[in-house]
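Participant: I'm passing along work-v4.csv; it holds CSV, C-alpha atoms (C1' of nucleotides).
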chain,number,residue,atom,x,y,z
A,30,MET,CA,248.1,158.7,28.1
A,31,LEU,CA,244.7,159.4,26.6
A,32,GLU,CA,246.4,160.8,23.5
A,33,TYR,CA,248.2,157.5,22.9
A,34,ILE,CA,245.1,155.4,23.5
A,35,ILE,CA,243.2,157.5,20.9
A,36,LEU,CA,246.1,157.1,18.5
A,37,GLY,CA,246.1,153.3,19.1
A,38,PHE,CA,242.4,153.0,18.3
A,39,LEU,CA,242.9,155.2,15.2
A,40,MET,CA,245.6,152.9,13.9
A,41,HIS,CA,242.8,150.4,13.1
A,42,LYS,CA,240.4,152.8,11.4
A,43,GLU,CA,238.9,156.3,11.3
A,44,LEU,CA,236.7,157.1,14.3
A,45,THR,CA,234.6,159.9,15.8
A,46,GLY,CA,234.9,161.1,19.4
A,47,TYR,CA,231.7,159.1,20.1
A,48,ASP,CA,233.1,156.0,18.5
A,49,LEU,CA,236.3,156.3,20.6
A,50,LYS,CA,234.2,156.4,23.8
A,51,GLN,CA,232.4,153.2,22.6
A,52,CYS,CA,235.8,151.5,21.9
A,53,MET,CA,237.0,152.2,25.4
A,54,LEU,CA,233.7,151.1,26.9
A,55,ASN,CA,233.9,147.6,25.5
A,56,SER,CA,237.6,147.0,25.6
A,57,THR,CA,239.8,149.1,27.8
A,58,SER,CA,237.2,150.3,30.4
A,59,ASN,CA,238.5,147.9,33.0
A,60,PHE,CA,241.8,149.8,33.2
A,61,PHE,CA,241.2,153.0,31.2
A,62,ASP,CA,238.2,155.0,30.5
A,63,ALA,CA,237.8,158.6,29.5
A,64,SER,CA,234.8,160.9,29.5
A,65,PHE,CA,233.6,163.0,26.5
A,66,GLY,CA,234.8,166.0,28.4
A,67,SER,CA,238.3,164.8,27.9
A,68,ILE,CA,238.0,163.0,24.6
A,69,TYR,CA,236.8,165.9,22.5
A,70,PRO,CA,239.3,168.5,23.8
A,71,ALA,CA,242.0,165.9,23.4
A,72,LEU,CA,241.1,165.4,19.7
A,73,LYS,CA,241.1,169.1,19.1
A,74,LYS,CA,244.5,169.4,20.7
A,75,MET,CA,245.9,166.5,18.8
A,76,GLU,CA,244.7,168.0,15.5
A,77,ASP,CA,246.5,171.2,16.3
A,78,LYS,CA,249.6,169.2,16.9
A,79,GLY,CA,249.1,167.4,13.6
A,80,LEU,CA,248.8,163.9,15.1
A,81,VAL,CA,245.3,163.5,13.6
A,82,SER,CA,243.2,164.9,10.9
A,83,SER,CA,239.5,165.3,10.7
A,84,ASN,CA,236.8,165.4,8.1
A,85,GLU,CA,233.2,166.6,8.9
A,86,VAL,CA,230.3,164.7,7.3
A,87,VAL,CA,226.6,164.3,7.7
A,88,GLU,CA,225.6,160.6,7.9
A,89,GLY,CA,222.1,159.5,8.6
A,90,GLY,CA,221.2,163.1,9.3
A,91,LYS,CA,223.8,163.3,12.0
A,92,TYR,CA,226.8,165.6,12.0
A,93,LYS,CA,229.9,163.7,12.5
A,94,LYS,CA,233.6,164.6,12.8
A,95,ARG,CA,235.6,161.6,11.9
A,96,TYR,CA,239.3,161.5,12.8
A,97,ALA,CA,242.2,159.8,11.1
A,98,ILE,CA,245.7,159.3,12.3
A,99,THR,CA,248.4,161.1,10.4
A,100,ARG,CA,252.0,160.0,9.5
A,101,THR,CA,253.2,162.2,12.4
A,102,GLY,CA,250.7,160.6,14.7
A,103,GLU,CA,251.8,157.1,13.6
A,104,ALA,CA,255.4,157.9,14.3
A,105,ASP,CA,254.5,159.3,17.7
A,106,PHE,CA,252.5,156.2,18.5
A,107,TRP,CA,255.3,153.8,17.5
A,108,THR,CA,257.9,155.7,19.5
A,109,TRP,CA,255.6,155.6,22.5
A,110,LEU,CA,254.7,151.9,22.1
A,111,GLU,CA,258.3,150.6,21.9
A,112,GLN,CA,259.3,152.4,25.1
A,113,GLU,CA,259.5,150.4,28.3
A,114,ILE,CA,256.1,149.2,29.7
A,115,ASP,CA,254.9,151.6,32.3
A,116,PHE,CA,254.7,150.4,35.8
A,117,SER,CA,252.6,152.1,38.5
A,118,LYS,CA,252.1,150.9,42.1
A,119,THR,CA,248.6,152.3,42.1
A,120,LYS,CA,247.2,151.8,38.6
A,121,PRO,CA,247.4,148.9,36.0
A,122,ASP,CA,249.2,151.2,33.5
A,123,HIS,CA,251.1,148.3,32.1
A,124,LEU,CA,248.0,147.1,30.4
A,125,ILE,CA,247.8,150.2,28.2
A,126,LYS,CA,250.8,149.6,26.0
A,127,VAL,CA,250.3,145.8,26.0
A,128,PHE,CA,246.7,146.3,24.8
A,129,PHE,CA,248.2,147.7,21.6
A,130,TYR,CA,251.2,145.3,21.4
A,131,GLY,CA,249.8,143.7,18.3
A,132,PHE,CA,251.4,146.7,16.5
A,133,LEU,CA,254.9,145.8,17.9
A,134,PRO,CA,257.2,143.1,16.5
A,135,LYS,CA,257.0,140.0,18.6
A,136,ASP,CA,260.7,140.0,19.6
A,137,LYS,CA,260.4,143.6,20.8
A,138,ALA,CA,257.3,142.7,22.8
A,139,VAL,CA,259.1,139.7,24.4
A,140,HIS,CA,262.1,141.9,25.3
A,141,ASN,CA,260.0,144.6,26.9
A,142,LEU,CA,258.0,142.1,28.9
A,143,HIS,CA,261.1,140.5,30.3
A,144,LYS,CA,262.5,143.9,31.4
A,145,PHE,CA,259.1,144.8,32.8
A,146,ILE,CA,259.0,141.6,34.9
A,147,GLU,CA,262.5,142.4,36.3
A,148,ARG,CA,261.3,145.8,37.4
A,149,VAL,CA,258.2,144.5,39.1
A,150,GLU,CA,260.2,141.7,40.8
A,151,GLN,CA,262.4,144.4,42.3
A,152,VAL,CA,259.5,146.3,43.7
A,153,HIS,CA,258.0,143.1,45.0
A,154,ASN,CA,261.2,142.1,46.8
A,155,ARG,CA,261.6,145.5,48.4
A,156,LEU,CA,258.1,145.2,49.8
A,157,ALA,CA,258.7,141.6,50.9
A,158,GLU,CA,261.8,142.8,52.9
A,159,HIS,CA,259.6,145.4,54.6
A,160,GLU,CA,257.0,142.8,55.5
A,161,LYS,CA,258.4,141.4,58.7
A,162,GLN,CA,258.6,144.8,60.4
A,163,VAL,CA,255.1,145.7,59.4
A,164,LYS,CA,253.8,142.3,60.7
A,165,ILE,CA,255.1,143.2,64.1
A,166,HIS,CA,254.2,146.9,64.4
A,167,ALA,CA,251.0,147.3,62.4
A,168,ASP,CA,247.5,146.0,63.1
A,169,THR,CA,245.7,143.3,61.1
A,170,TYR,CA,244.2,145.8,58.7
A,171,GLN,CA,247.4,147.7,58.0
A,172,TYR,CA,249.3,144.5,57.5
A,173,SER,CA,246.6,143.2,55.2
A,174,THR,CA,247.0,146.2,52.9
A,175,LEU,CA,250.7,145.3,52.6
A,176,VAL,CA,249.9,141.7,51.8
A,177,PHE,CA,247.5,143.0,49.1
A,178,GLY,CA,250.4,144.9,47.6
A,179,MET,CA,252.6,141.8,47.5
A,180,ASP,CA,249.8,139.7,46.0
A,181,TYR,CA,249.2,142.4,43.4
A,182,TYR,CA,252.8,142.5,42.3
A,183,THR,CA,252.8,138.7,42.2
A,184,LEU,CA,249.7,138.8,40.0
A,185,ILE,CA,251.4,141.2,37.6
A,186,ILE,CA,254.5,139.0,37.4
A,187,ASN,CA,252.6,135.8,36.8
A,188,TRP,CA,250.3,137.5,34.3
A,189,SER,CA,253.3,138.8,32.3
A,190,LYS,CA,255.0,135.4,32.4
A,191,SER,CA,251.9,133.6,31.1
A,192,LEU,CA,251.6,136.2,28.3
A,193,LEU,CA,255.2,135.4,27.4
A,194,GLN,CA,254.5,131.7,27.3
A,195,GLU,CA,251.5,132.4,25.1
A,196,LEU,CA,253.8,134.3,22.8
A,197,GLU,CA,256.4,131.7,22.6
A,198,LYS,CA,253.9,129.1,21.3
B,29,MET,CA,240.7,161.2,49.7
B,30,LEU,CA,243.9,162.9,50.8
B,31,GLU,CA,242.0,164.8,53.5
B,32,TYR,CA,240.7,161.5,55.0
B,33,ILE,CA,244.1,159.9,55.0
B,34,ILE,CA,245.5,162.9,56.8
B,35,LEU,CA,242.7,162.7,59.3
B,36,GLY,CA,243.3,159.0,59.7
B,37,PHE,CA,247.0,159.6,60.6
B,38,LEU,CA,246.1,162.4,62.9
B,39,MET,CA,243.7,160.1,64.8
B,40,HIS,CA,246.8,158.5,66.3
B,41,LYS,CA,248.8,161.6,67.2
B,42,GLU,CA,249.7,165.1,66.2
B,43,LEU,CA,251.8,165.4,63.2
B,44,THR,CA,253.5,168.0,60.9
B,45,GLY,CA,253.2,168.0,57.1
B,46,TYR,CA,256.6,166.5,56.9
B,47,ASP,CA,255.7,163.7,59.3
B,48,LEU,CA,252.6,162.9,57.3
B,49,LYS,CA,254.7,162.5,54.2
B,50,GLN,CA,256.9,160.0,56.2
B,51,CYS,CA,253.9,158.2,57.4
B,52,MET,CA,252.6,157.6,53.9
B,53,LEU,CA,256.1,156.7,52.7
B,54,ASN,CA,256.4,153.8,55.0
B,55,SER,CA,252.9,152.5,55.2
B,56,THR,CA,250.4,153.6,52.4
B,57,SER,CA,252.8,154.4,49.6
B,58,ASN,CA,252.0,151.2,47.8
B,59,PHE,CA,248.5,152.4,47.2
B,60,PHE,CA,248.5,156.0,48.1
B,61,ASP,CA,251.2,158.7,48.2
B,62,ALA,CA,251.0,162.4,48.1
B,63,SER,CA,253.6,165.1,47.5
B,64,PHE,CA,254.4,168.1,49.7
B,65,GLY,CA,252.7,170.2,47.1
B,66,SER,CA,249.4,168.6,48.0
B,67,ILE,CA,249.9,167.9,51.7
B,68,TYR,CA,250.6,171.5,52.8
B,69,PRO,CA,247.8,173.1,50.9
B,70,ALA,CA,245.4,170.3,52.1
B,71,LEU,CA,246.3,171.0,55.7
B,72,LYS,CA,245.7,174.7,55.3
B,73,LYS,CA,242.4,174.1,53.7
B,74,MET,CA,241.4,171.6,56.4
B,75,GLU,CA,242.3,174.1,59.1
B,76,ASP,CA,240.0,176.7,57.4
B,77,LYS,CA,237.3,174.1,57.5
B,78,GLY,CA,237.9,173.4,61.2
B,79,LEU,CA,238.9,169.7,60.7
B,80,VAL,CA,242.3,170.2,62.2
B,81,SER,CA,244.1,172.8,64.4
B,82,SER,CA,247.7,173.7,64.3
B,83,ASN,CA,250.3,175.0,66.7
B,84,GLU,CA,253.6,176.4,65.7
B,85,VAL,CA,256.7,175.5,67.6
B,86,VAL,CA,260.5,175.6,67.3
B,87,GLU,CA,262.0,172.2,68.1
B,88,GLY,CA,265.7,171.6,67.8
B,89,GLY,CA,266.1,174.9,66.0
B,90,LYS,CA,263.5,173.9,63.4
B,91,TYR,CA,260.3,175.6,62.9
B,92,LYS,CA,257.4,173.2,62.9
B,93,LYS,CA,253.7,173.4,62.4
B,94,ARG,CA,252.1,170.5,64.2
B,95,TYR,CA,248.5,169.6,63.4
B,96,ALA,CA,245.9,168.0,65.6
B,97,ILE,CA,242.5,166.6,64.6
B,98,THR,CA,239.5,168.5,66.0
B,99,ARG,CA,236.2,167.1,67.2
B,100,THR,CA,234.7,168.1,63.9
B,101,GLY,CA,237.5,166.3,62.1
B,102,GLU,CA,237.0,163.2,64.1
B,103,ALA,CA,233.3,163.2,63.3
B,104,ASP,CA,234.1,163.7,59.6
B,105,PHE,CA,236.5,160.8,59.7
B,106,TRP,CA,234.1,158.4,61.4
B,107,THR,CA,231.3,159.2,59.0
B,108,TRP,CA,233.7,158.6,56.0
B,109,LEU,CA,235.1,155.4,57.5
B,110,GLU,CA,231.8,153.7,58.1
B,111,GLN,CA,230.6,154.3,54.6
B,112,GLU,CA,230.8,151.5,52.0
B,113,ILE,CA,234.3,150.5,51.0
B,114,ASP,CA,235.3,152.2,47.8
B,115,PHE,CA,235.7,150.1,44.7
B,116,SER,CA,237.6,151.3,41.6
B,117,LYS,CA,238.4,149.3,38.6
B,118,THR,CA,241.6,151.1,38.1
B,119,LYS,CA,242.9,151.9,41.5
B,120,PRO,CA,243.1,149.9,44.8
B,121,ASP,CA,241.0,152.5,46.6
B,122,HIS,CA,239.5,149.8,48.8
B,123,LEU,CA,242.7,149.6,50.7
B,124,ILE,CA,242.4,153.2,51.9
B,125,LYS,CA,239.5,152.8,54.3
B,126,VAL,CA,240.6,149.3,55.3
B,127,PHE,CA,244.0,150.7,56.3
B,128,PHE,CA,242.2,152.6,59.0
B,129,TYR,CA,239.6,149.9,59.9
B,130,GLY,CA,241.2,149.6,63.4
B,131,PHE,CA,239.0,152.6,64.3
B,132,LEU,CA,235.8,150.8,63.3
B,133,PRO,CA,233.9,148.3,65.4
B,134,LYS,CA,234.7,144.8,64.2
B,135,ASP,CA,231.0,143.9,63.3
B,136,LYS,CA,230.8,147.0,61.1
B,137,ALA,CA,234.1,146.1,59.5
B,138,VAL,CA,232.8,142.6,58.8
B,139,HIS,CA,229.5,143.8,57.4
B,140,ASN,CA,231.2,146.3,55.1
B,141,LEU,CA,233.7,143.7,53.8
B,142,HIS,CA,230.8,141.3,53.0
B,143,LYS,CA,229.0,144.0,51.0
B,144,PHE,CA,232.2,144.9,49.3
B,145,ILE,CA,232.8,141.3,48.2
B,146,GLU,CA,229.3,141.2,46.8
B,147,ARG,CA,229.9,144.2,44.7
B,148,VAL,CA,233.3,143.0,43.3
B,149,GLU,CA,231.8,139.6,42.5
B,150,GLN,CA,229.2,141.3,40.4
B,151,VAL,CA,231.9,143.2,38.5
B,152,HIS,CA,233.9,140.1,38.1
B,153,ASN,CA,230.9,138.1,36.8
B,154,ARG,CA,230.0,140.8,34.3
B,155,LEU,CA,233.5,140.7,32.9
B,156,ALA,CA,233.5,136.9,32.8
B,157,GLU,CA,230.3,137.0,30.7
B,158,HIS,CA,232.1,139.3,28.3
B,159,GLU,CA,235.1,137.0,28.1
B,160,LYS,CA,234.0,134.5,25.4
B,161,GLN,CA,233.3,137.2,22.9
B,162,VAL,CA,236.6,138.9,23.4
B,163,LYS,CA,238.5,135.6,23.1
B,164,ILE,CA,237.1,135.2,19.6
B,165,HIS,CA,237.4,138.8,18.3
B,166,ALA,CA,240.4,140.2,20.1
B,167,ASP,CA,244.1,139.4,19.7
B,168,THR,CA,246.3,137.7,22.3
B,169,TYR,CA,247.3,141.0,23.8
B,170,GLN,CA,243.9,142.5,24.1
B,171,TYR,CA,242.5,139.2,25.5
B,172,SER,CA,245.3,139.1,28.0
B,173,THR,CA,244.4,142.5,29.4
B,174,LEU,CA,240.9,141.2,30.0
B,175,VAL,CA,242.2,138.2,31.8
B,176,PHE,CA,244.3,140.5,33.9
B,177,GLY,CA,241.1,142.3,34.9
B,178,MET,CA,239.4,139.0,35.9
B,179,ASP,CA,242.5,137.9,37.9
B,180,TYR,CA,242.6,141.3,39.6
B,181,TYR,CA,239.0,141.1,40.7
B,182,THR,CA,239.6,137.6,41.9
B,183,LEU,CA,242.6,138.8,43.9
B,184,ILE,CA,240.5,141.5,45.6
B,185,ILE,CA,237.7,139.0,46.4
B,186,ASN,CA,240.2,136.4,47.9
B,187,TRP,CA,242.1,139.0,49.8
B,188,SER,CA,238.8,140.3,51.3
B,189,LYS,CA,237.7,136.8,52.2
B,190,SER,CA,241.0,136.0,53.9
B,191,LEU,CA,240.9,139.3,55.8
B,192,LEU,CA,237.4,138.3,57.0
B,193,GLN,CA,238.7,134.9,58.1
B,194,GLU,CA,241.5,136.6,60.0
B,195,LEU,CA,238.9,138.8,61.8
B,196,GLU,CA,236.7,135.9,62.7
B,197,LYS,CA,239.6,134.2,64.6
C,27,DC,C1',205.2,162.4,22.0
C,28,DG,C1',208.4,161.1,25.4
C,29,DT,C1',212.6,158.4,26.1
C,30,DT,C1',216.7,156.6,24.7
C,31,DC,C1',220.5,156.7,21.8
C,32,DC,C1',223.6,159.3,18.7
C,33,DA,C1',226.7,163.2,18.4
C,34,DT,C1',229.5,167.4,19.7
C,35,DG,C1',231.1,170.5,22.5
C,36,DT,C1',232.1,174.1,26.7
C,37,DA,C1',232.8,175.7,31.6
C,38,DA,C1',234.0,175.2,36.2
C,39,DG,C1',236.3,172.9,39.2
C,40,DG,C1',238.9,169.0,41.7
C,41,DC,C1',242.9,166.8,42.6
C,42,DG,C1',247.2,166.2,42.0
C,43,DT,C1',252.1,166.9,40.3
C,44,DT,C1',256.8,169.1,39.4
C,45,DA,C1',259.7,172.8,40.0
C,46,DC,C1',260.9,176.4,42.5
C,47,DA,C1',262.2,179.2,46.8
C,48,DT,C1',264.0,179.2,51.4
C,49,DG,C1',266.6,178.0,55.3
C,50,DA,C1',268.2,175.3,59.4
C,51,DT,C1',270.6,171.0,61.3
C,52,DT,C1',273.2,166.8,61.1
C,53,DA,C1',276.7,163.7,59.6
C,54,DC,C1',280.9,162.7,57.2
D,6,DG,C1',282.6,172.5,53.8
D,7,DT,C1',279.3,170.0,51.4
D,8,DA,C1',275.8,166.7,51.1
D,9,DA,C1',271.8,164.8,53.0
D,10,DT,C1',267.9,165.3,55.8
D,11,DC,C1',264.5,168.1,58.1
D,12,DA,C1',260.9,171.5,57.3
D,13,DT,C1',257.5,174.7,55.0
D,14,DG,C1',255.5,176.7,51.5
D,15,DT,C1',254.0,178.8,46.5
D,16,DA,C1',253.1,178.8,41.4
D,17,DA,C1',252.3,176.9,37.2
D,18,DC,C1',250.4,173.5,35.0
D,19,DG,C1',248.3,168.8,33.6
D,20,DC,C1',244.8,165.9,33.3
D,21,DC,C1',240.7,164.6,34.3
D,22,DT,C1',235.6,164.8,35.8
D,23,DT,C1',230.7,166.6,36.3
D,24,DA,C1',227.3,169.4,34.7
D,25,DC,C1',225.6,171.9,31.3
D,26,DA,C1',224.0,173.2,26.5
D,27,DT,C1',222.4,171.7,22.0
D,28,DG,C1',220.1,169.1,18.6
D,29,DG,C1',218.7,165.2,15.4
D,30,DA,C1',217.1,160.2,14.9
D,31,DA,C1',214.9,156.0,16.3
D,32,DC,C1',211.8,153.3,19.0
D,33,DG,C1',207.6,152.2,21.2
Render the structure in this file as structure tokens.
Facilitator:
Amino acid sequence: MLEYIILGFLMHKELTGYDLKQCMLNSTSNFFDASFGSIYPALKKMEDKGLVSSNEVVEGGKYKKRYAITRTGEADFWTWLEQEIDFSKTKPDHLIKVFFYGFLPKDKAVHNLHKFIERVEQVHNRLAEHEKQVKIHADTYQYSTLVFGMDYYTLIINWSKSLLQELEK
Amino acid sequence: MLEYIILGFLMHKELTGYDLKQCMLNSTSNFFDASFGSIYPALKKMEDKGLVSSNEVVEGGKYKKRYAITRTGEADFWTWLEQEIDFSKTKPDHLIKVFFYGFLPKDKAVHNLHKFIERVEQVHNRLAEHEKQVKIHADTYQYSTLVFGMDYYTLIINWSKSLLQELEK
DNA sequence: CGTTCCATGTAAGGCGTTACATGATTAC
DNA sequence: GTAATCATGTAACGCCTTACATGGAACG
């Protein structure tokens, strides 16, 4: 995941490891954040794989290693981006691809969002079926965690639909 | 985290590793699920630490290792449970303690929920302040991920408040 | 001249997963 | 008899974090 997020940011412009951390801090940190301890090794690994290239410079007396995305890296990023939107019950992983959806043709984005909604609706319905039994057998607290789950899935569905509406404008 | 969830389930009754997996599957799997590959080693580790004890039996021709929580384990569980409710921007960690809040005195539960709401409101407000700038500088998709964040925090706040109301009945 | 920010990196460890290995029982 | 379920466990690996180590620049 981290690798694709790095690639996504590098699609805009060349960045250092430090820059990448800043990018995340003021844009994706609500759903994704990485520490330096994972960013720097990731960049090194990605360079070995040929997804990025680096050039070392001294700017303002500071040693910097600025990374750029390669053709291979771009291809990798596109392939990843056009895949189905991820869905996780425990993390808002769906936001990650959508964050970079500006790089995807609108019709593809719309299509993927529709398929995503379908999937989340299925998960929601399965939980809703389970709900009656839990209401009887579980206590207030346990039941409330199930309700949170349903509310959360509903939120994802509504959010996706409102994004679709925004796109159809 | 896994260790406390195991302890939580063992507070009710003695269970095997397999049972624990089943417990999670039909109750916490929406926000927490562990594989056998983490459950069994966790149990072993917890036994070494004296949090649980095991007895091996053959039932219905099946070898079973049934675990029970020890006094030390219970003490550990209480201490954990009465701590502040966890808040994570990326995972619904707050559900974990609340799921076991039946073991906490109601006044303590109410108190912790109030403090939790305060904290989430702070996070929400900080994001709301950031919102205007993002609306201007980011694209539709990037802005939508921020909106999701705000909606998500609002969901947590409303859910907590409705749980509090339920408790005050 | 001390603190904060800029900047890169390593080492140790935590926490979890998937895949593998094994074997009995139950249901069709 | 074969598939699913019950039942326990290990090994390899992924992915991330915290803490550490280093050093220059900018601010007051």
Participant: Taking only C-alpha atoms (C1' of nucleotides) into account, find every residue of chain A that has an atom no more than 10 Å from chain C, and write it out as a count of residues only.
Facilitator: 12
Participant: To one decimal in Å, tell me the separation between atom CA of Asn84 of chain A and atom CA of His41 of chain A.
Facilitator: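 Distance reported for this atom pair: 16.9 Å.
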Participant: Kindly indicate which residue among D:DC18, D:DC32, D:DA8, D:DA24 lies nearest to chain A, using all atoms listed in the file for the distances.
Facilitator: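 So, comparing all the options, the nearest one is D:DA24.
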Participant: Kindly provide, as a list in words, the residues of chain A having any atom no farther than 6 Å from an atom of chain B, counting only C-alpha atoms.
Facilitator: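 Every residue of chain A that passes the 6 Å test is in Asn59, Phe60, Lys118, Thr119, Lys120, Leu124, Phe128, Tyr170, Gln171 and Thr174 of chain A.
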Participant: Given only C-alpha atoms (C1' of nucleotides) as the basis, pick out the residue of B:Leu38, B:Met52, B:Val85, B:Leu79 nearest to chain D.
Facilitator: B:Val85
Participant: Work out how far atom CA of Thr182 of chain B is from atom CA of Val148 of chain B, in Å to one decimal.
Facilitator: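 Taking atom CA of Val148 of chain B as the start and atom CA of Thr182 of chain B as the end point, the length is 8.4 Å.
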Participant: List the neighbours of Tyr95 of chain B out to 6 Å using only C-alpha atoms (C1' of nucleotides); skip same-chain residues closer than 2 positions along the sequence, and give me the result as a PyMOL selection string.
Facilitator: chain B and resi 42-44+81-82
Participant: For chain A, work out the contacting residues on chain D at 12 Å, counting all atoms listed in the file, and write them as a compact mmCIF listing (two decimals) with C-alpha atoms (C1' of nucleotides), in the coordinates of the input.
Facilitator:
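Now in iface_33.txt:
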# COMPACT_ATOMS: atom_id res chain seq x y z
C1' DG D 19 248.30 168.80 33.60
C1' DC D 20 244.80 165.90 33.30
C1' DC D 21 240.70 164.60 34.30
C1' DT D 22 235.60 164.80 35.80
C1' DT D 23 230.70 166.60 36.30
C1' DA D 24 227.30 169.40 34.70
C1' DC D 25 225.60 171.90 31.30
C1' DG D 28 220.10 169.10 18.60
C1' DG D 29 218.70 165.20 15.40
C1' DA D 30 217.10 160.20 14.90
C1' DA D 31 214.90 156.00 16.30
Participant: Hey, what's within 9 Å of Val81 of chain A if we count only C-alpha atoms (C1' of nucleotides) and toss same-chain stuff fewer than 2 positions away? As a compact mmCIF listing (two decimals) with C-alpha atoms, keeping the file's coordinate frame, please?
Facilitator:
# COMPACT_ATOMS: atom_id res chain seq x y z
CA LEU A 36 246.10 157.10 18.50
CA LEU A 39 242.90 155.20 15.20
CA LEU A 72 241.10 165.40 19.70
CA LYS A 73 241.10 169.10 19.10
CA MET A 75 245.90 166.50 18.80
CA GLU A 76 244.70 168.00 15.50
CA ASP A 77 246.50 171.20 16.30
CA LYS A 78 249.60 169.20 16.90
CA GLY A 79 249.10 167.40 13.60
CA SER A 83 239.50 165.30 10.70
CA TYR A 96 239.30 161.50 12.80
CA ALA A 97 242.20 159.80 11.10
CA ILE A 98 245.70 159.30 12.30
CA THR A 99 248.40 161.10 10.40
CA ARG A 100 252.00 160.00 9.50
CA THR A 101 253.20 162.20 12.40
CA GLY A 102 250.70 160.60 14.70
Participant: Do you know which residues are at most 9 Å from Leu142 of chain A counting all atoms listed in the file, after dropping those on the same chain fewer than 5 positions away, and could you put them as a PDB file with C-alpha atoms, in the coordinates of the input?
Facilitator:
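So the final result, stored in result.pdb, reads:
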ATOM      1  CA  GLU A 113     259.500 150.400  28.300  1.00  0.00           C
ATOM      2  CA  ILE A 114     256.100 149.200  29.700  1.00  0.00           C
ATOM      3  CA  LYS A 137     260.400 143.600  20.800  1.00  0.00           C
ATOM      4  CA  GLU A 147     262.500 142.400  36.300  1.00  0.00           C
ATOM      5  CA  SER A 189     253.300 138.800  32.300  1.00  0.00           C
ATOM      6  CA  LYS A 190     255.000 135.400  32.400  1.00  0.00           C
ATOM      7  CA  LEU A 192     251.600 136.200  28.300  1.00  0.00           C
ATOM      8  CA  LEU A 193     255.200 135.400  27.400  1.00  0.00           C
TER       9      LEU A 193
END
Participant: Please, what distance in Å, to one decimal, runs between atom CA of Ile146 of chain A and atom CA of His152 of chain B?
Facilitator: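 Between atom CA of Ile146 of chain A and atom CA of His152 of chain B the gap works out to 25.3 Å.
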Participant: List the spatial neighbours of Glu150 of chain A as a list in words - criterion: any atom at most 9 Å away, all atoms listed in the file, same-chain residues fewer than 5 positions off excluded.
Facilitator: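 Final neighbour list, sorted by chain and number: Phe145, Arg155, Tyr182, Thr183 and Ile186 of chain A.
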